[in-house]
Amino acid sequence: MDTHLTETDASQGLPSNWGRWGEDDERGTLNLITGEARARGAAEARTGRTVSLALPIRPTPVISGPFAPSAQDASPVQQMMVYVGSPAPATADVMLVTNHHPRSTHLDALGHTVRDGRVYPGRPVDEAVTPAGARHGSTAAYAAGIATRGILLDLAADGPLPSGHAVTSRDLEAAEERQGVRLESGDALVVRCGWPMTPVPGRPMPGMSLDAVRWMHRRGAALYAGDIGDAHPGLDPACPLPLHGVALPLMGLPLIDAAEVDDLAAVCAELGRYAFLLIVAPPRIHGLTGVPVNPLAIF
């Protein structure tokens, strides 16, 4: 398998980890989570206080037919009760989950986005992802879970970021200095911008810039989570999707989309601590390009 970048990507000097951990690697930057990085995270769990970084989801019933409501609010989970009522000894249901939904906190696998017909670390997409499921770069890589130190950089401490703001390395470093923390290799980066992940018509979202992604690469971020990620619409026509178009397919940086970080920011401000143990334990469903998760910050 050829793991070399295209001439265009190479000429742009885009950050890449293709070949860094071998041609068959499926963990990407999770390889940076060494025993030392895990121990650094575990040392932050001093009181046992726990905060969820997952959006709450209210399922909608599976409905269809001529009398179904036409203005049903979209939910990432549809539910059908299949065993209910008296004298049933138990109740049971079936769920239909849309994994990459902006109202569902989910973890993107490395096979989720494609770069010039290839997924990380250079595997042809038609070989990696088939109608029968993902064979390379799938959620199987997360079977053992993720545990490392998390660092929250709260860019919205004084209010939400302005509409259309491109987050740069200077924004991230200013937050580090303000909060007295520093992202180190193997840490998970959690960013708060004060915006919902769902686009608001007429209001361009803020989002990460390519400069910010390069900074994550230099610092050795192992995982990204945030209330926003790539802006919609894109802020830079030359690179409209820095996270999903560069960080995920080239760097192999797993992304937690649509994280709920307001509660986390409140606890961090209360405790005066912006570092914590981050635990992510996805269900062991193999062959997916993404999966809902409930990340936990433990102080």
# chains A, B, ... in the order shown; residues from 1 in each chain; ligands from 1
call {"tool": "residues_around", "arguments": {"residues": "Leu210 of chain A", "least_positions_apart": "5", "cutoff": "12 Å", "atoms": "only C-alpha atoms", "output": "PyMOL selection string"}}
result
chain A and resi 12-15+166-169+215-217+229-231+234-247
call {"tool": "residues_around", "arguments": {"residues": "Arg178 of chain A", "least_positions_apart": "4", "cutoff": "10 Å", "atoms": "only C-alpha atoms", "output": "list in words"}}
result
Leu153, Asp154, Leu172, Glu173 and Ala174 of chain A
call {"tool": "atom_distance", "arguments": {"atom1": "atom CA of Gly150 of chain A", "atom2": "atom CA of Gly35 of chain A"}}
result
14.8 Å
call {"tool": "closest_atom_pairs", "arguments": {"of": "segment 41-151 of chain A", "to": "segment 197-200 of chain A", "cutoff": "10 Å", "atoms": "only C-alpha atoms", "output": "Markdown table"}}
result
| residue | atom | partner | partner_atom | distance |
| --- | --- | --- | --- | --- |
| A:His101 | CA | A:Thr198 | CA | 9.1 |
| A:Pro102 | CA | A:Thr198 | CA | 5.6 |
| A:Arg103 | CA | A:Thr198 | CA | 6.9 |
| A:Ser104 | CA | A:Met197 | CA | 9.5 |
| A:Thr105 | CA | A:Met197 | CA | 9.8 |
call {"tool": "atom_distance", "arguments": {"atom1": "atom CA of Val280 of chain A", "atom2": "atom CA of Val125 of chain A"}}
result
26.5 Å
call {"tool": "closest_residue", "arguments": {"among": "A:Gly180, A:Pro162, A:Gly220, A:Pro283", "to": "Trp195 of chain A", "atoms": "only C-alpha atoms"}}
result
A:Pro162
call {"tool": "closest_residue", "arguments": {"among": "A:Gly207, A:Gly111, A:Pro56, A:Gly159", "to": "Val293 of chain A", "atoms": "only C-alpha atoms"}}
result
A:Pro56
call {"tool": "atom_distance", "arguments": {"atom1": "atom CA of Asp211 of chain A", "atom2": "atom CA of Arg170 of chain A"}}
result
9.1 Å
call {"tool": "select_by_dssp", "arguments": {"residues": "segment 72-160 of chain A", "states": "alpha helix (DSSP H)", "output": "PyMOL selection string"}}
result
chain A and resi 125-128
call {"tool": "closest_residue", "arguments": {"among": "A:Thr29, A:Ser163, A:Gln179, A:Asn294", "to": "Ala269 of chain A", "atoms": "only C-alpha atoms"}}
result
A:Gln179
call {"tool": "residues_around", "arguments": {"residues": "Tyr274 of chain A", "least_positions_apart": "2", "cutoff": "6 Å", "atoms": "only C-alpha atoms", "output": "ChimeraX atom specification"}}
result
/A:151-152,268
call {"tool": "residues_around", "arguments": {"residues": "segment 81-98 of chain A", "least_positions_apart": "2", "cutoff": "10 Å", "atoms": "only C-alpha atoms", "output": "list of chain:residue names"}}
result
A:Pro59, A:Thr60, A:Pro61, A:Val62, A:Ser75, A:Pro76, A:Val77, A:Gln78, A:Gln79, A:His100, A:His101, A:Pro102, A:Arg103, A:Ser104, A:His106, A:Gly290, A:Val291, A:Pro292
call {"tool": "select_by_dssp", "arguments": {"residues": "segment 124-205 of chain A", "states": "strand (DSSP E or B)", "output": "MDAnalysis selection string"}}
result
chainID A and resid 124 129:130 133:134 146:154 166:167 188:192 200 203
call {"tool": "closest_residue", "arguments": {"among": "A:Ala281, A:Leu253, A:Ala37, A:Ile228", "to": "Ala140 of chain A", "atoms": "only C-alpha atoms"}}
result
A:Ala281
call {"tool": "closest_residue", "arguments": {"among": "A:Leu110, A:Ala221, A:Leu183, A:Leu161", "to": "Thr139 of chain A", "atoms": "only C-alpha atoms"}}
result
A:Leu110
